[in-house]
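**Student:** Sharing a structure with you now.
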Amino acid sequence: MDDFRRLALFAEVVRCGSFSAAARHLRISTSAVSQQVRALEQAHGVTLLHRTTRKLALTEAGARFAEHCRRMVEAAAQARAQLDLARDAPEGELRVAAPVGFARHLGPALAPLLAQHPALELRLLVDDAMIDLVDARIDLALRVGRLADSSWVAQPLCRFEMLLCAAPAWLARAGEPRTPQDLAMQQWVASPRGGRLLRLELSGAGGEVLALEVPVRVTSNNQLTLQQMCAAGLGLAPLVRADVDDELRAGRLVPVLPGWRLAPLPVYAVTPQRDGRPAKVRHAIAAIERHLRGLPGALGG
């Protein structure tokens with residue numbers, strides 16, 4: 001590393017034309033500059049400068065060497081500029097991973113960011129599997145629900161209201177539940193991870209809390225598929241309000257037991273590290289959080 005510093009110092013001496021001018025620019029003594037150049041010549045056994053009382057003159061070897069040193073300094077300046085850009089301005093490839101059912105929100109969330117920063121590219125990996133962020137070179141992953149322990153950094157973005165939903169056709173066949181106990185008599189559509197245990201809380205302060213075991217007939221690890229199965233009339237399902245708002249407004253789905261509520265579903269931005277996040281990741285997290293908090297049923301972090 002000392003040799004690299006001496007190369008940069010030598011380039012500055014050549015650029016300034018004298019030891020004293022280089023010393024003023026580098027804010028060190030003239031003798032220190034002279035000593036470093038002499039140490040460089042001694043280390044490599046080559047004379048780089050002819051010194052007189054009035055001026056410095058490059059030797060032939062010194063002139064060739066100075067050109068390489070100049071390029072080295074310019075490359076270092078460009079490298080620093082790239083780091084500054086990564087820190088301050090979103091650019092380059094942003095690799096985002098999200099569950100299939102959640103990816104529908106990322107287009108509207110990130111479109112303004114991409115429009116504002118033309119040098120930013122988006123690579124979206126949509127998969128319900130838990131992708132290894134490092135192996136897949138993921139900058140940012142969106143995770144929902146309870147997180148497994150890991151060394152990754154999770155930043156809460158919001159929580160989504162969960163609703164018990166059913167298609168009108170299903171309720172016409174099976175009957176509409178009037179009490180939580182009626183839910184055990186229904187057919188259910190749910191994720192394997194969600195299991196058969198349903199926890200309900202009566203709306204209002206100090207509401208009653210119930211834990212019920214329900215019969216699950218249709219399972220899928222894909223939330224969008226569960227939503228479609230429920231809308232097709234295959235049973236009741238716990239669904240994210242933000243995902244089914246259009247279906248609720250159109251009447252393709254209806255809420256069941258609206259006086260009882262499920263625990264909200266937390267959403268996290270997960271990154272490999274907290275410190276040194278590039279601008280593209282920081283800006284993307286802010287844009288996604290801003291969008292999610294404006295969706296129906298968003299409850300805040």
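In the structure tokens, the first chain shown is A, the next is B, and so on; residue numbers restart at 1 for each chain, and ligands run from 1 in the order shown.
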Identify, on the basis of only C-alpha atoms, every residue whose closest approach to region 42-47 of chain A does not exceed 10 Å; exclude the query and any residue fewer than 4 positions from it along the same chain; express the result as a list in words.

**Tutor:**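 Here the qualifying residues turn out to be Asp3, Gln36, Val37, Arg38, Leu58, Thr59, Glu60, Ala61 and Gly62 of chain A.
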
**Student:** Check which residues of region 215-283 of chain A sit at most 10 Å from region 167-173 of chain A using only C-alpha atoms, and return one row each with the closest pair of atoms and their distance in Å to one decimal, ordered by chain and rising number, as JSON lines.

**Tutor:**
{"residue": "A:Met229", "atom": "CA", "partner": "A:Ala167", "partner_atom": "CA", "distance": 9.4}
{"residue": "A:Cys230", "atom": "CA", "partner": "A:Ala167", "partner_atom": "CA", "distance": 6.3}
{"residue": "A:Ala231", "atom": "CA", "partner": "A:Ala167", "partner_atom": "CA", "distance": 5.1}
{"residue": "A:Ala232", "atom": "CA", "partner": "A:Ala167", "partner_atom": "CA", "distance": 6.9}
{"residue": "A:Gly233", "atom": "CA", "partner": "A:Trp170", "partner_atom": "CA", "distance": 4.7}
{"residue": "A:Leu234", "atom": "CA", "partner": "A:Trp170", "partner_atom": "CA", "distance": 6.7}
{"residue": "A:Gly235", "atom": "CA", "partner": "A:Trp170", "partner_atom": "CA", "distance": 6.3}
{"residue": "A:Leu236", "atom": "CA", "partner": "A:Ala167", "partner_atom": "CA", "distance": 7.8}
{"residue": "A:Ala237", "atom": "CA", "partner": "A:Ala167", "partner_atom": "CA", "distance": 9.7}
{"residue": "A:Glu247", "atom": "CA", "partner": "A:Ala167", "partner_atom": "CA", "distance": 9.5}
{"residue": "A:Leu248", "atom": "CA", "partner": "A:Ala167", "partner_atom": "CA", "distance": 9.5}
{"residue": "A:Gly251", "atom": "CA", "partner": "A:Pro168", "partner_atom": "CA", "distance": 7.8}
{"residue": "A:Arg252", "atom": "CA", "partner": "A:Ala167", "partner_atom": "CA", "distance": 5.9}
{"residue": "A:Leu253", "atom": "CA", "partner": "A:Ala167", "partner_atom": "CA", "distance": 4.6}
{"residue": "A:Val254", "atom": "CA", "partner": "A:Ala167", "partner_atom": "CA", "distance": 6.2}
{"residue": "A:Pro255", "atom": "CA", "partner": "A:Ala167", "partner_atom": "CA", "distance": 8.9}
{"residue": "A:Val256", "atom": "CA", "partner": "A:Leu171", "partner_atom": "CA", "distance": 9.4}

**Student:** For the selection you just gave me, I'd like the residues written to a file as a PDB file, in the first residue's frame, keeping C-alpha atoms.

**Tutor:**
ATOM      1  CA  MET A 229     -59.567 -21.312  -5.085  1.00  0.00           C
ATOM      2  CA  CYS A 230     -61.638 -19.419  -2.544  1.00  0.00           C
ATOM      3  CA  ALA A 231     -63.226 -17.255  -5.253  1.00  0.00           C
ATOM      4  CA  ALA A 232     -64.020 -20.447  -7.188  1.00  0.00           C
ATOM      5  CA  GLY A 233     -66.221 -21.589  -4.312  1.00  0.00           C
ATOM      6  CA  LEU A 234     -64.011 -24.292  -2.785  1.00  0.00           C
ATOM      7  CA  GLY A 235     -64.323 -23.095   0.803  1.00  0.00           C
ATOM      8  CA  LEU A 236     -63.413 -20.388   3.282  1.00  0.00           C
ATOM      9  CA  ALA A 237     -59.938 -18.851   3.400  1.00  0.00           C
ATOM     10  CA  GLU A 247     -62.983  -9.113  -5.359  1.00  0.00           C
ATOM     11  CA  LEU A 248     -64.791  -7.781  -2.281  1.00  0.00           C
ATOM     12  CA  GLY A 251     -68.953  -9.225  -4.806  1.00  0.00           C
ATOM     13  CA  ARG A 252     -66.909 -12.219  -5.979  1.00  0.00           C
ATOM     14  CA  LEU A 253     -65.848 -12.657  -2.349  1.00  0.00           C
ATOM     15  CA  VAL A 254     -67.597 -11.653   0.862  1.00  0.00           C
ATOM     16  CA  PRO A 255     -66.235 -11.323   4.411  1.00  0.00           C
ATOM     17  CA  VAL A 256     -67.289 -13.945   6.934  1.00  0.00           C
TER      18      VAL A 256
END

**Student:** Could you pull out the residues in region 22-220 of chain A that DSSP calls strand (DSSP E) from the backbone, as a ChimeraX atom specification?

**Tutor:** /A:49-51,56-58,92-98,120-126,140-144,153-160,162-166,188-190,197-202,209-213,216-219

**Student:** Give the helix (DSSP H, G or I) residues of region 16-228 of chain A, as DSSP finds them on the backbone, and put them as a PyMOL selection string.

**Tutor:** chain A and resi 16+19-26+30-44+60-88+100-116+168-174+180-185+223-228

**Student:** Can you pull out the residues contacting Glu213 (chain A)? Cut-off 10 Å, using only C-alpha atoms, and skip same-chain residues under 2 positions away; I want them as an MDAnalysis selection string.

**Tutor:** chainID A and resid 181 183:184 195:199 211 215:216

**Student:** Choose the residue, out of A:Leu142, A:Phe4, A:Glu201, A:Met185, that has the smallest atom-to-atom separation from Met72 (chain A); count only C-alpha atoms.

**Tutor:**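 Answer, going by the shortest atom-to-atom distance: A:Phe4.
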
**Student:** Quote the spacing between CA of Asp246 (chain A) and CA of Leu295 (chain A) in Å to one decimal place.

**Tutor:**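 That distance, rounded to one decimal, is 11.6 Å.
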
**Student:** Take CA of Ala279 (chain A) and CA of Phe160 (chain A) and report the distance between them in Å, one decimal.

**Tutor:**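 Between these atoms lies a distance of 26.8 Å.
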
**Student:** For Ala66 (chain A), find every residue with an atom within 8 Å (counting only C-alpha atoms), except residues of its own chain fewer than 4 positions away, and show them as a VMD selection string.

**Tutor:** chain A and resid 10 to 11 14 62 70

**Student:** Take the residues that were just selected and, keeping C-alpha atoms, output them as a short mmCIF file (atom, residue, chain, number, x, y, z; two decimals), in the first residue's frame.

**Tutor:**
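Writing the result to selection.cif gives the following:
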data_model
loop_
_atom_site.label_atom_id
_atom_site.label_comp_id
_atom_site.auth_asym_id
_atom_site.auth_seq_id
_atom_site.Cartn_x
_atom_site.Cartn_y
_atom_site.Cartn_z
CA PHE A 10 4.79 10.97 -7.85
CA ALA A 11 1.89 11.61 -10.24
CA VAL A 14 4.64 15.58 -12.20
CA GLY A 62 10.19 8.60 -15.41
CA ARG A 70 -1.57 9.30 -13.91
#

**Student:** Give me the residues near Gln273 (chain A) as a ChimeraX atom specification, where near means some atom within 12 Å (using only C-alpha atoms) and where sequence neighbours in that chain fewer than 3 positions away do not count.

**Tutor:** /A:133-134,138-141,150-155,269-270,276-278,281-282

**Student:** May I ask which of the residues A:Gly17, A:Pro118, A:Arg217, A:Glu74 is the closest one to Leu56 (chain A), counting only C-alpha atoms?

**Tutor:**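 Once distances to Leu56 (chain A) are computed over only C-alpha atoms, the minimum belongs to A:Gly17.
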
**Student:** What is the CA of Ala286 (chain A) to CA of Arg123 (chain A) distance in Å?

**Tutor:**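 Value for the CA of Ala286 (chain A)-CA of Arg123 (chain A) distance: 17.7 Å.
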
**Student:** Skipping near chain neighbours, those fewer than 5 positions away, what residues fall within 12 Å of Ser31 (chain A) using only C-alpha atoms, listed as a ChimeraX atom specification?

**Tutor:** /A:18-24,36-38
